[in-house]
file work37.cif (mmCIF, N, CA and C atoms)
data_upload
loop_
_atom_site.label_atom_id
_atom_site.label_comp_id
_atom_site.auth_asym_id
_atom_site.auth_seq_id
_atom_site.Cartn_x
_atom_site.Cartn_y
_atom_site.Cartn_z
N MET U 272 -9.15 39.69 4.78
CA MET U 272 -9.34 39.30 3.40
C MET U 272 -8.02 38.75 2.87
N HIS U 273 -8.02 37.59 2.33
CA HIS U 273 -6.87 36.90 1.74
C HIS U 273 -6.55 37.57 0.40
N VAL U 274 -5.36 38.15 0.29
CA VAL U 274 -4.96 38.81 -0.95
C VAL U 274 -3.55 38.39 -1.35
N HIS U 275 -3.24 38.66 -2.60
CA HIS U 275 -1.90 38.41 -3.12
C HIS U 275 -1.32 39.73 -3.60
N LEU U 276 -0.72 40.47 -2.70
CA LEU U 276 0.00 41.69 -3.08
C LEU U 276 1.37 41.23 -3.54
N ARG U 277 1.73 41.54 -4.73
CA ARG U 277 2.92 40.93 -5.34
C ARG U 277 4.23 41.67 -5.05
N GLU U 278 4.19 42.63 -4.19
CA GLU U 278 5.40 43.37 -3.84
C GLU U 278 5.98 42.82 -2.54
N PRO U 279 7.28 42.55 -2.49
CA PRO U 279 8.31 42.81 -3.49
C PRO U 279 8.41 41.68 -4.52
N GLY U 280 8.95 42.05 -5.65
CA GLY U 280 9.31 41.07 -6.67
C GLY U 280 8.45 41.02 -7.91
N PHE U 281 7.16 41.27 -7.76
CA PHE U 281 6.26 41.17 -8.91
C PHE U 281 5.40 42.43 -9.01
N GLU U 282 6.04 43.59 -8.84
CA GLU U 282 5.32 44.86 -8.84
C GLU U 282 4.57 45.13 -10.13
N HIS U 283 4.98 44.49 -11.22
CA HIS U 283 4.26 44.68 -12.49
C HIS U 283 2.82 44.14 -12.40
N ALA U 284 2.58 43.18 -11.49
CA ALA U 284 1.24 42.61 -11.32
C ALA U 284 0.42 43.41 -10.32
N GLU U 285 1.03 43.79 -9.19
CA GLU U 285 0.35 44.59 -8.19
C GLU U 285 1.36 45.04 -7.14
N THR U 286 1.12 46.22 -6.58
CA THR U 286 1.97 46.73 -5.51
C THR U 286 1.17 46.75 -4.22
N ILE U 287 1.86 46.96 -3.12
CA ILE U 287 1.18 47.11 -1.84
C ILE U 287 0.21 48.28 -1.91
N GLU U 288 0.63 49.36 -2.53
CA GLU U 288 -0.23 50.54 -2.63
C GLU U 288 -1.46 50.28 -3.50
N SER U 289 -1.28 49.69 -4.68
CA SER U 289 -2.44 49.48 -5.56
C SER U 289 -3.43 48.47 -4.96
N GLY U 290 -2.92 47.42 -4.33
CA GLY U 290 -3.80 46.44 -3.70
C GLY U 290 -4.52 47.01 -2.49
N SER U 291 -3.82 47.84 -1.71
CA SER U 291 -4.43 48.48 -0.55
C SER U 291 -5.51 49.46 -0.96
N ARG U 292 -5.24 50.22 -2.01
CA ARG U 292 -6.25 51.17 -2.51
C ARG U 292 -7.49 50.44 -3.03
N ALA U 293 -7.27 49.33 -3.73
CA ALA U 293 -8.41 48.56 -4.24
C ALA U 293 -9.23 48.00 -3.09
N ALA U 294 -8.56 47.51 -2.06
CA ALA U 294 -9.27 46.97 -0.90
C ALA U 294 -10.07 48.07 -0.21
N ALA U 295 -9.44 49.23 -0.02
CA ALA U 295 -10.13 50.34 0.63
C ALA U 295 -11.33 50.80 -0.19
N ALA U 296 -11.18 50.83 -1.51
CA ALA U 296 -12.30 51.23 -2.38
C ALA U 296 -13.45 50.24 -2.27
N GLY U 297 -13.14 48.99 -1.98
CA GLY U 297 -14.17 47.97 -1.81
C GLY U 297 -14.73 47.90 -0.39
N GLY U 298 -14.24 48.77 0.49
CA GLY U 298 -14.75 48.84 1.85
C GLY U 298 -14.00 47.99 2.87
N PHE U 299 -12.89 47.38 2.48
CA PHE U 299 -12.13 46.55 3.40
C PHE U 299 -11.17 47.41 4.22
N THR U 300 -11.08 47.14 5.50
CA THR U 300 -10.18 47.90 6.37
C THR U 300 -8.93 47.13 6.73
N SER U 301 -8.93 45.83 6.51
CA SER U 301 -7.76 44.99 6.77
C SER U 301 -7.62 43.96 5.66
N ILE U 302 -6.40 43.70 5.27
CA ILE U 302 -6.13 42.69 4.26
C ILE U 302 -5.01 41.79 4.75
N CYS U 303 -5.05 40.53 4.36
CA CYS U 303 -4.05 39.54 4.76
C CYS U 303 -3.29 39.12 3.52
N SER U 304 -2.11 39.64 3.36
CA SER U 304 -1.32 39.35 2.18
C SER U 304 -0.52 38.07 2.36
N MET U 305 -0.60 37.21 1.38
CA MET U 305 0.10 35.93 1.41
C MET U 305 1.60 36.13 1.15
N PRO U 306 2.43 35.16 1.56
CA PRO U 306 3.88 35.35 1.49
C PRO U 306 4.51 35.02 0.13
N ASN U 307 3.71 34.84 -0.91
CA ASN U 307 4.29 34.44 -2.19
C ASN U 307 4.79 35.65 -2.97
N THR U 308 5.85 36.23 -2.44
CA THR U 308 6.53 37.36 -3.06
C THR U 308 7.94 36.89 -3.42
N LYS U 309 8.72 37.78 -3.98
CA LYS U 309 10.11 37.43 -4.32
C LYS U 309 11.01 38.55 -3.82
N PRO U 310 11.72 38.36 -2.75
CA PRO U 310 11.88 37.12 -2.01
C PRO U 310 10.62 36.78 -1.21
N VAL U 311 10.48 35.49 -0.90
CA VAL U 311 9.36 35.02 -0.08
C VAL U 311 9.39 35.76 1.25
N ASN U 312 8.23 36.16 1.71
CA ASN U 312 8.16 36.88 2.98
C ASN U 312 8.27 35.90 4.14
N ASP U 313 9.51 35.49 4.41
CA ASP U 313 9.76 34.54 5.49
C ASP U 313 10.89 35.02 6.40
N SER U 314 11.12 36.34 6.39
CA SER U 314 12.17 36.89 7.23
C SER U 314 11.74 38.25 7.77
N PRO U 315 12.32 38.66 8.89
CA PRO U 315 11.99 39.98 9.44
C PRO U 315 12.32 41.11 8.47
N MET U 316 13.36 40.94 7.66
CA MET U 316 13.75 41.99 6.72
C MET U 316 12.64 42.26 5.71
N VAL U 317 12.07 41.21 5.14
CA VAL U 317 11.00 41.39 4.15
C VAL U 317 9.74 41.92 4.84
N THR U 318 9.43 41.41 6.02
CA THR U 318 8.28 41.90 6.76
C THR U 318 8.41 43.39 7.03
N SER U 319 9.58 43.82 7.50
CA SER U 319 9.81 45.24 7.78
C SER U 319 9.68 46.08 6.51
N TYR U 320 10.22 45.57 5.40
CA TYR U 320 10.10 46.29 4.13
C TYR U 320 8.63 46.52 3.78
N MET U 321 7.84 45.48 3.92
CA MET U 321 6.43 45.59 3.54
C MET U 321 5.68 46.56 4.44
N TRP U 322 5.97 46.52 5.74
CA TRP U 322 5.34 47.49 6.64
C TRP U 322 5.79 48.91 6.34
N SER U 323 7.06 49.10 5.96
CA SER U 323 7.53 50.45 5.63
C SER U 323 6.85 50.95 4.35
N ALA U 324 6.56 50.04 3.42
CA ALA U 324 5.83 50.44 2.21
C ALA U 324 4.42 50.89 2.57
N VAL U 325 3.80 50.24 3.54
CA VAL U 325 2.47 50.66 4.00
C VAL U 325 2.56 52.02 4.67
N ALA U 326 3.57 52.21 5.54
CA ALA U 326 3.72 53.46 6.27
C ALA U 326 4.02 54.63 5.34
N ALA U 327 4.67 54.36 4.21
CA ALA U 327 5.05 55.42 3.27
C ALA U 327 3.90 55.85 2.36
N ARG U 328 2.80 55.12 2.39
CA ARG U 328 1.66 55.44 1.52
C ARG U 328 1.10 56.82 1.84
N ARG U 329 0.66 57.49 0.80
CA ARG U 329 -0.05 58.75 0.97
C ARG U 329 -1.54 58.47 1.02
N GLY U 330 -2.29 59.35 1.64
CA GLY U 330 -3.74 59.24 1.64
C GLY U 330 -4.23 58.16 2.58
N GLN U 331 -5.25 57.44 2.16
CA GLN U 331 -5.90 56.47 3.04
C GLN U 331 -4.97 55.33 3.40
N ARG U 332 -5.11 54.87 4.62
CA ARG U 332 -4.28 53.76 5.10
C ARG U 332 -5.16 52.55 5.33
N VAL U 333 -4.67 51.41 4.94
CA VAL U 333 -5.35 50.15 5.20
C VAL U 333 -4.43 49.34 6.09
N PRO U 334 -4.87 48.96 7.29
CA PRO U 334 -4.00 48.10 8.11
C PRO U 334 -3.64 46.85 7.33
N HIS U 335 -2.38 46.56 7.28
CA HIS U 335 -1.87 45.51 6.41
C HIS U 335 -1.45 44.32 7.26
N ARG U 336 -2.04 43.20 7.07
CA ARG U 336 -1.72 42.00 7.84
C ARG U 336 -0.81 41.09 7.01
N ARG U 337 0.15 40.57 7.64
CA ARG U 337 1.15 39.77 6.96
C ARG U 337 1.12 38.34 7.46
N HIS U 338 1.10 37.40 6.56
CA HIS U 338 1.19 35.98 6.92
C HIS U 338 2.57 35.48 6.52
N HIS U 339 3.16 34.65 7.38
CA HIS U 339 4.51 34.19 7.05
C HIS U 339 4.77 32.75 7.45
N GLN U 340 5.58 32.16 6.74
CA GLN U 340 6.29 30.91 7.06
C GLN U 340 6.95 30.48 5.76
N ARG U 341 8.12 29.91 5.86
CA ARG U 341 8.84 29.48 4.65
C ARG U 341 7.92 28.63 3.78
N GLN U 342 7.90 28.89 2.48
CA GLN U 342 6.92 28.25 1.61
C GLN U 342 7.27 26.86 1.14
N ARG U 343 8.42 26.36 1.44
CA ARG U 343 8.75 25.01 1.00
C ARG U 343 8.23 23.95 1.96
N GLY U 344 7.87 24.35 3.17
CA GLY U 344 7.35 23.40 4.13
C GLY U 344 8.40 22.46 4.70
N GLU U 345 9.67 22.81 4.56
CA GLU U 345 10.75 21.94 5.02
C GLU U 345 11.39 22.42 6.31
N GLU U 346 11.41 23.71 6.53
CA GLU U 346 11.99 24.27 7.74
C GLU U 346 11.21 25.52 8.13
N LEU U 347 11.25 25.82 9.41
CA LEU U 347 10.50 26.97 9.89
C LEU U 347 11.23 28.27 9.64
N ALA U 348 10.46 29.30 9.38
CA ALA U 348 11.00 30.65 9.33
C ALA U 348 11.21 31.12 10.77
N THR U 349 11.83 32.27 10.94
CA THR U 349 12.07 32.82 12.28
C THR U 349 10.82 33.54 12.75
N ILE U 350 9.87 32.76 13.25
CA ILE U 350 8.54 33.25 13.57
C ILE U 350 8.57 34.36 14.63
N GLY U 351 9.35 34.17 15.68
CA GLY U 351 9.43 35.19 16.73
C GLY U 351 9.98 36.51 16.22
N ALA U 352 11.04 36.45 15.43
CA ALA U 352 11.63 37.66 14.87
C ALA U 352 10.68 38.34 13.89
N MET U 353 9.92 37.53 13.15
CA MET U 353 8.96 38.13 12.21
C MET U 353 7.81 38.79 12.95
N LYS U 354 7.39 38.22 14.08
CA LYS U 354 6.35 38.87 14.87
C LYS U 354 6.87 40.22 15.36
N ALA U 355 8.11 40.25 15.83
CA ALA U 355 8.70 41.50 16.29
C ALA U 355 8.76 42.53 15.17
N ALA U 356 8.88 42.07 13.92
CA ALA U 356 8.93 42.97 12.76
C ALA U 356 7.54 43.36 12.27
N GLY U 357 6.48 42.76 12.85
CA GLY U 357 5.13 43.16 12.47
C GLY U 357 4.22 42.06 11.99
N ALA U 358 4.68 40.82 11.92
CA ALA U 358 3.82 39.72 11.47
C ALA U 358 2.67 39.53 12.45
N VAL U 359 1.49 39.28 11.92
CA VAL U 359 0.32 39.04 12.77
C VAL U 359 -0.24 37.63 12.59
N ALA U 360 0.31 36.86 11.68
CA ALA U 360 -0.13 35.49 11.44
C ALA U 360 0.93 34.80 10.58
N ILE U 361 0.83 33.46 10.48
CA ILE U 361 1.72 32.72 9.60
C ILE U 361 0.89 31.89 8.64
N SER U 362 1.46 31.63 7.45
CA SER U 362 0.77 30.83 6.44
C SER U 362 1.77 30.37 5.41
N ASP U 363 1.45 29.28 4.76
CA ASP U 363 2.19 28.85 3.58
C ASP U 363 1.33 29.06 2.36
N ASP U 364 0.28 29.86 2.49
CA ASP U 364 -0.65 30.16 1.41
C ASP U 364 -1.26 28.86 0.92
N GLY U 365 -1.20 28.55 -0.34
CA GLY U 365 -1.86 27.37 -0.88
C GLY U 365 -0.96 26.15 -0.98
N LEU U 366 0.24 26.23 -0.44
CA LEU U 366 1.18 25.11 -0.53
C LEU U 366 1.13 24.28 0.75
N PRO U 367 0.75 23.02 0.68
CA PRO U 367 0.63 22.22 1.90
C PRO U 367 2.00 21.88 2.49
N VAL U 368 2.03 21.79 3.81
CA VAL U 368 3.23 21.33 4.51
C VAL U 368 3.09 19.82 4.64
N MET U 369 3.94 19.09 3.96
CA MET U 369 3.82 17.63 3.91
C MET U 369 4.48 16.94 5.11
N ASN U 370 5.32 17.65 5.84
CA ASN U 370 6.01 17.07 6.98
C ASN U 370 5.22 17.41 8.25
N ALA U 371 4.62 16.39 8.88
CA ALA U 371 3.78 16.61 10.05
C ALA U 371 4.56 17.23 11.21
N ARG U 372 5.81 16.86 11.37
CA ARG U 372 6.62 17.43 12.45
C ARG U 372 6.84 18.92 12.24
N VAL U 373 7.13 19.33 11.03
CA VAL U 373 7.32 20.75 10.74
C VAL U 373 6.02 21.51 10.98
N MET U 374 4.90 20.94 10.54
CA MET U 374 3.60 21.61 10.73
C MET U 374 3.27 21.74 12.21
N ARG U 375 3.52 20.68 12.96
CA ARG U 375 3.24 20.74 14.40
C ARG U 375 4.10 21.81 15.08
N ARG U 376 5.37 21.86 14.74
CA ARG U 376 6.26 22.87 15.32
C ARG U 376 5.81 24.27 14.94
N ALA U 377 5.37 24.44 13.70
CA ALA U 377 4.87 25.76 13.27
C ALA U 377 3.67 26.17 14.12
N MET U 378 2.75 25.26 14.35
CA MET U 378 1.57 25.57 15.16
C MET U 378 1.94 25.84 16.61
N GLU U 379 2.91 25.10 17.15
CA GLU U 379 3.36 25.33 18.52
C GLU U 379 4.01 26.70 18.65
N PHE U 380 4.89 27.04 17.70
CA PHE U 380 5.51 28.36 17.72
C PHE U 380 4.46 29.45 17.58
N ALA U 381 3.54 29.27 16.66
CA ALA U 381 2.49 30.28 16.46
C ALA U 381 1.71 30.50 17.75
N ARG U 382 1.35 29.42 18.41
CA ARG U 382 0.60 29.54 19.67
C ARG U 382 1.44 30.26 20.72
N SER U 383 2.71 29.94 20.81
CA SER U 383 3.55 30.56 21.83
C SER U 383 3.75 32.06 21.58
N TYR U 384 3.61 32.50 20.34
CA TYR U 384 3.71 33.92 19.99
C TYR U 384 2.35 34.56 19.79
N ASP U 385 1.27 33.84 20.11
CA ASP U 385 -0.09 34.34 19.96
C ASP U 385 -0.38 34.78 18.53
N LEU U 386 0.01 33.93 17.58
CA LEU U 386 -0.21 34.19 16.16
C LEU U 386 -1.17 33.15 15.58
N PRO U 387 -2.18 33.60 14.83
CA PRO U 387 -3.04 32.60 14.14
C PRO U 387 -2.30 31.96 12.97
#
call {"tool": "encode", "arguments": {"input": "work37.cif", "output": "structure tokens"}}
result
Amino acid sequence: MHVHLREPGFEHAETIESGSRAAAAGGFTSICSMPNTKPVNDSPMVTSYMWSAVAARRGQRVPHRRHHQRQRGEELATIGAMKAAGAVAISDDGLPVMNARVMRRAMEFARSYDLP
């Protein structure tokens, strides 16, 4: 399920915990959070932070899927390092990548790391 968990950076709108609880209450067992956080989730550090927030939750757990890639569409994020930190897919959410070479490289890297 495509979701916008606003943590880190916009916790006043939603946190990983509140969004996960809402998803679980609706019967969802997995959610795919988009990278439009602050800072943008385009580094292993942010990915690790988000997974640690999931691990620290009390009560029910919802497997949390993370999508990543730098949101400006100009250069690639460190896709391999983010996979090692827990990324299961990459995305620029609703922002199109206008540079065909960057998009092709992103897809090639994703395939080489077995990431959708």
call {"tool": "resolve_selection", "arguments": {"input": "work37.cif", "expression": "the PyMOL selection byres ((chain U and resi 368-384) around 8)", "output": "list of chain:residue names"}}
result
U:Gln342, U:Arg343, U:Gly344, U:Glu345, U:Glu346, U:Leu347, U:Ala348, U:Ile350, U:Gly351, U:Lys354, U:Ala360, U:Ile361, U:Asp363, U:Gly365, U:Leu366, U:Pro367, U:Asp385, U:Leu386, U:Pro387
call {"tool": "atom_distance", "arguments": {"input": "work37.cif", "atom1": "atom CA of U:Ala296", "atom2": "atom C of U:Ala358"}}
result
24.1 Å
call {"tool": "residues_near_point", "arguments": {"input": "work37.cif", "point": "(7.6, 42.7, 8.5)", "cutoff": "7 Å", "atoms": "all atoms listed in the file", "output": "list in words"}}
result
Ser314, Pro315, Met316, Val317, Thr318, Ser319, Tyr320, Met321, Trp322, Ser323, Met353, Ala355, Ala356, Gly357 and Ala358 of chain U
call {"tool": "atom_distance", "arguments": {"input": "work37.cif", "atom1": "atom C of U:Phe281", "atom2": "atom CA of U:Gly297"}}
result
21.6 Å
call {"tool": "resolve_selection", "arguments": {"input": "work37.cif", "expression": "the PyMOL selection byres (((chain U and resi 310 and name CA) around 7) and name CA)", "output": "list in words"}}
result
Pro279, Gly280, Thr308, Lys309, Val311 and Asn312 of chain U
call {"tool": "select_by_dssp", "arguments": {"input": "work37.cif", "residues": "stretch 273-386 of chain U", "states": "strand (DSSP E)", "output": "list in words"}}
result
His273, Val274, Ile302, Cys303, Ser304, His335, Arg336 and Arg337 of chain U
call {"tool": "atom_distance", "arguments": {"input": "work37.cif", "atom1": "atom CA of U:Leu276", "atom2": "atom CA of U:Thr349"}}
result
21.5 Å
call {"tool": "resolve_selection", "arguments": {"input": "work37.cif", "expression": "the PyMOL selection byres (((chain U and resi 290 and name CA) around 10) and name CA)", "output": "list of chain:residue names"}}
result
U:Val274, U:His275, U:Leu276, U:Arg277, U:Glu278, U:Ala284, U:Glu285, U:Thr286, U:Ile287, U:Glu288, U:Ser289, U:Ser291, U:Arg292, U:Ala293, U:Ala294, U:Ala295, U:Ala296, U:Ile302, U:Ser304, U:Val333
call {"tool": "closest_residue", "arguments": {"input": "work37.cif", "among": "U:Ala352, U:Cys303, U:Val325, U:Val359", "to": "U:Met272", "atoms": "only N, CA and C atoms"}}
result
U:Cys303
call {"tool": "select_by_dssp", "arguments": {"input": "work37.cif", "residues": "chain U", "states": "helix (DSSP H, G or I)", "output": "PDB file with N, CA and C atoms, in the coordinates of the input"}}
result
ATOM      1  N   ILE U 287       1.860  46.960  -3.120  1.00  0.00           N
ATOM      2  CA  ILE U 287       1.180  47.110  -1.840  1.00  0.00           C
ATOM      3  C   ILE U 287       0.210  48.280  -1.910  1.00  0.00           C
ATOM      4  N   GLU U 288       0.630  49.360  -2.530  1.00  0.00           N
ATOM      5  CA  GLU U 288      -0.230  50.540  -2.630  1.00  0.00           C
ATOM      6  C   GLU U 288      -1.460  50.280  -3.500  1.00  0.00           C
ATOM      7  N   SER U 289      -1.280  49.690  -4.680  1.00  0.00           N
ATOM      8  CA  SER U 289      -2.440  49.480  -5.560  1.00  0.00           C
ATOM      9  C   SER U 289      -3.430  48.470  -4.960  1.00  0.00           C
ATOM     10  N   GLY U 290      -2.920  47.420  -4.330  1.00  0.00           N
ATOM     11  CA  GLY U 290      -3.800  46.440  -3.700  1.00  0.00           C
ATOM     12  C   GLY U 290      -4.520  47.010  -2.490  1.00  0.00           C
ATOM     13  N   SER U 291      -3.820  47.840  -1.710  1.00  0.00           N
ATOM     14  CA  SER U 291      -4.430  48.480  -0.550  1.00  0.00           C
ATOM     15  C   SER U 291      -5.510  49.460  -0.960  1.00  0.00           C
ATOM     16  N   ARG U 292      -5.240  50.220  -2.010  1.00  0.00           N
ATOM     17  CA  ARG U 292      -6.250  51.170  -2.510  1.00  0.00           C
ATOM     18  C   ARG U 292      -7.490  50.440  -3.030  1.00  0.00           C
ATOM     19  N   ALA U 293      -7.270  49.330  -3.730  1.00  0.00           N
ATOM     20  CA  ALA U 293      -8.410  48.560  -4.240  1.00  0.00           C
ATOM     21  C   ALA U 293      -9.230  48.000  -3.090  1.00  0.00           C
ATOM     22  N   ALA U 294      -8.560  47.510  -2.060  1.00  0.00           N
ATOM     23  CA  ALA U 294      -9.270  46.970  -0.900  1.00  0.00           C
ATOM     24  C   ALA U 294     -10.070  48.070  -0.210  1.00  0.00           C
ATOM     25  N   ALA U 295      -9.440  49.230  -0.020  1.00  0.00           N
ATOM     26  CA  ALA U 295     -10.130  50.340   0.630  1.00  0.00           C
ATOM     27  C   ALA U 295     -11.330  50.800  -0.190  1.00  0.00           C
ATOM     28  N   ALA U 296     -11.180  50.830  -1.510  1.00  0.00           N
ATOM     29  CA  ALA U 296     -12.300  51.230  -2.380  1.00  0.00           C
ATOM     30  C   ALA U 296     -13.450  50.240  -2.270  1.00  0.00           C
ATOM     31  N   PRO U 315      12.320  38.660   8.890  1.00  0.00           N
ATOM     32  CA  PRO U 315      11.990  39.980   9.440  1.00  0.00           C
ATOM     33  C   PRO U 315      12.320  41.110   8.470  1.00  0.00           C
ATOM     34  N   MET U 316      13.360  40.940   7.660  1.00  0.00           N
ATOM     35  CA  MET U 316      13.750  41.990   6.720  1.00  0.00           C
ATOM     36  C   MET U 316      12.640  42.260   5.710  1.00  0.00           C
ATOM     37  N   VAL U 317      12.070  41.210   5.140  1.00  0.00           N
ATOM     38  CA  VAL U 317      11.000  41.390   4.150  1.00  0.00           C
ATOM     39  C   VAL U 317       9.740  41.920   4.840  1.00  0.00           C
ATOM     40  N   THR U 318       9.430  41.410   6.020  1.00  0.00           N
ATOM     41  CA  THR U 318       8.280  41.900   6.760  1.00  0.00           C
ATOM     42  C   THR U 318       8.410  43.390   7.030  1.00  0.00           C
ATOM     43  N   SER U 319       9.580  43.820   7.500  1.00  0.00           N
ATOM     44  CA  SER U 319       9.810  45.240   7.780  1.00  0.00           C
ATOM     45  C   SER U 319       9.680  46.080   6.510  1.00  0.00           C
ATOM     46  N   TYR U 320      10.220  45.570   5.400  1.00  0.00           N
ATOM     47  CA  TYR U 320      10.100  46.290   4.130  1.00  0.00           C
ATOM     48  C   TYR U 320       8.630  46.520   3.780  1.00  0.00           C
ATOM     49  N   MET U 321       7.840  45.480   3.920  1.00  0.00           N
ATOM     50  CA  MET U 321       6.430  45.590   3.540  1.00  0.00           C
ATOM     51  C   MET U 321       5.680  46.560   4.440  1.00  0.00           C
ATOM     52  N   TRP U 322       5.970  46.520   5.740  1.00  0.00           N
ATOM     53  CA  TRP U 322       5.340  47.490   6.640  1.00  0.00           C
ATOM     54  C   TRP U 322       5.790  48.910   6.340  1.00  0.00           C
ATOM     55  N   SER U 323       7.060  49.100   5.960  1.00  0.00           N
ATOM     56  CA  SER U 323       7.530  50.450   5.630  1.00  0.00           C
ATOM     57  C   SER U 323       6.850  50.950   4.350  1.00  0.00           C
ATOM     58  N   ALA U 324       6.560  50.040   3.420  1.00  0.00           N
ATOM     59  CA  ALA U 324       5.830  50.440   2.210  1.00  0.00           C
ATOM     60  C   ALA U 324       4.420  50.890   2.570  1.00  0.00           C
ATOM     61  N   VAL U 325       3.800  50.240   3.540  1.00  0.00           N
ATOM     62  CA  VAL U 325       2.470  50.660   4.000  1.00  0.00           C
ATOM     63  C   VAL U 325       2.560  52.020   4.670  1.00  0.00           C
ATOM     64  N   ALA U 326       3.570  52.210   5.540  1.00  0.00           N
ATOM     65  CA  ALA U 326       3.720  53.460   6.270  1.00  0.00           C
ATOM     66  C   ALA U 326       4.020  54.630   5.340  1.00  0.00           C
ATOM     67  N   ILE U 350       9.870  32.760  13.250  1.00  0.00           N
ATOM     68  CA  ILE U 350       8.540  33.250  13.570  1.00  0.00           C
ATOM     69  C   ILE U 350       8.570  34.360  14.630  1.00  0.00           C
ATOM     70  N   GLY U 351       9.350  34.170  15.680  1.00  0.00           N
ATOM     71  CA  GLY U 351       9.430  35.190  16.730  1.00  0.00           C
ATOM     72  C   GLY U 351       9.980  36.510  16.220  1.00  0.00           C
ATOM     73  N   ALA U 352      11.040  36.450  15.430  1.00  0.00           N
ATOM     74  CA  ALA U 352      11.630  37.660  14.870  1.00  0.00           C
ATOM     75  C   ALA U 352      10.680  38.340  13.890  1.00  0.00           C
ATOM     76  N   MET U 353       9.920  37.530  13.150  1.00  0.00           N
ATOM     77  CA  MET U 353       8.960  38.130  12.210  1.00  0.00           C
ATOM     78  C   MET U 353       7.810  38.790  12.950  1.00  0.00           C
ATOM     79  N   LYS U 354       7.390  38.220  14.080  1.00  0.00           N
ATOM     80  CA  LYS U 354       6.350  38.870  14.870  1.00  0.00           C
ATOM     81  C   LYS U 354       6.870  40.220  15.360  1.00  0.00           C
ATOM     82  N   ALA U 355       8.110  40.250  15.830  1.00  0.00           N
ATOM     83  CA  ALA U 355       8.700  41.500  16.290  1.00  0.00           C
ATOM     84  C   ALA U 355       8.760  42.530  15.170  1.00  0.00           C
ATOM     85  N   ALA U 371       4.620  16.390   8.880  1.00  0.00           N
ATOM     86  CA  ALA U 371       3.780  16.610  10.050  1.00  0.00           C
ATOM     87  C   ALA U 371       4.560  17.230  11.210  1.00  0.00           C
ATOM     88  N   ARG U 372       5.810  16.860  11.370  1.00  0.00           N
ATOM     89  CA  ARG U 372       6.620  17.430  12.450  1.00  0.00           C
ATOM     90  C   ARG U 372       6.840  18.920  12.240  1.00  0.00           C
ATOM     91  N   VAL U 373       7.130  19.330  11.030  1.00  0.00           N
ATOM     92  CA  VAL U 373       7.320  20.750  10.740  1.00  0.00           C
ATOM     93  C   VAL U 373       6.020  21.510  10.980  1.00  0.00           C
ATOM     94  N   MET U 374       4.900  20.940  10.540  1.00  0.00           N
ATOM     95  CA  MET U 374       3.600  21.610  10.730  1.00  0.00           C
ATOM     96  C   MET U 374       3.270  21.740  12.210  1.00  0.00           C
ATOM     97  N   ARG U 375       3.520  20.680  12.960  1.00  0.00           N
ATOM     98  CA  ARG U 375       3.240  20.740  14.400  1.00  0.00           C
ATOM     99  C   ARG U 375       4.100  21.810  15.080  1.00  0.00           C
ATOM    100  N   ARG U 376       5.370  21.860  14.740  1.00  0.00           N
ATOM    101  CA  ARG U 376       6.260  22.870  15.320  1.00  0.00           C
ATOM    102  C   ARG U 376       5.810  24.270  14.940  1.00  0.00           C
ATOM    103  N   ALA U 377       5.370  24.440  13.700  1.00  0.00           N
ATOM    104  CA  ALA U 377       4.870  25.760  13.270  1.00  0.00           C
ATOM    105  C   ALA U 377       3.670  26.170  14.120  1.00  0.00           C
ATOM    106  N   MET U 378       2.750  25.260  14.350  1.00  0.00           N
ATOM    107  CA  MET U 378       1.570  25.570  15.160  1.00  0.00           C
ATOM    108  C   MET U 378       1.940  25.840  16.610  1.00  0.00           C
ATOM    109  N   GLU U 379       2.910  25.100  17.150  1.00  0.00           N
ATOM    110  CA  GLU U 379       3.360  25.330  18.520  1.00  0.00           C
ATOM    111  C   GLU U 379       4.010  26.700  18.650  1.00  0.00           C
ATOM    112  N   PHE U 380       4.890  27.040  17.700  1.00  0.00           N
ATOM    113  CA  PHE U 380       5.510  28.360  17.720  1.00  0.00           C
ATOM    114  C   PHE U 380       4.460  29.450  17.580  1.00  0.00           C
ATOM    115  N   ALA U 381       3.540  29.270  16.660  1.00  0.00           N
ATOM    116  CA  ALA U 381       2.490  30.280  16.460  1.00  0.00           C
ATOM    117  C   ALA U 381       1.710  30.500  17.750  1.00  0.00           C
ATOM    118  N   ARG U 382       1.350  29.420  18.410  1.00  0.00           N
ATOM    119  CA  ARG U 382       0.600  29.540  19.670  1.00  0.00           C
ATOM    120  C   ARG U 382       1.440  30.260  20.720  1.00  0.00           C
ATOM    121  N   SER U 383       2.710  29.940  20.810  1.00  0.00           N
ATOM    122  CA  SER U 383       3.550  30.560  21.830  1.00  0.00           C
ATOM    123  C   SER U 383       3.750  32.060  21.580  1.00  0.00           C
TER     124      SER U 383
END
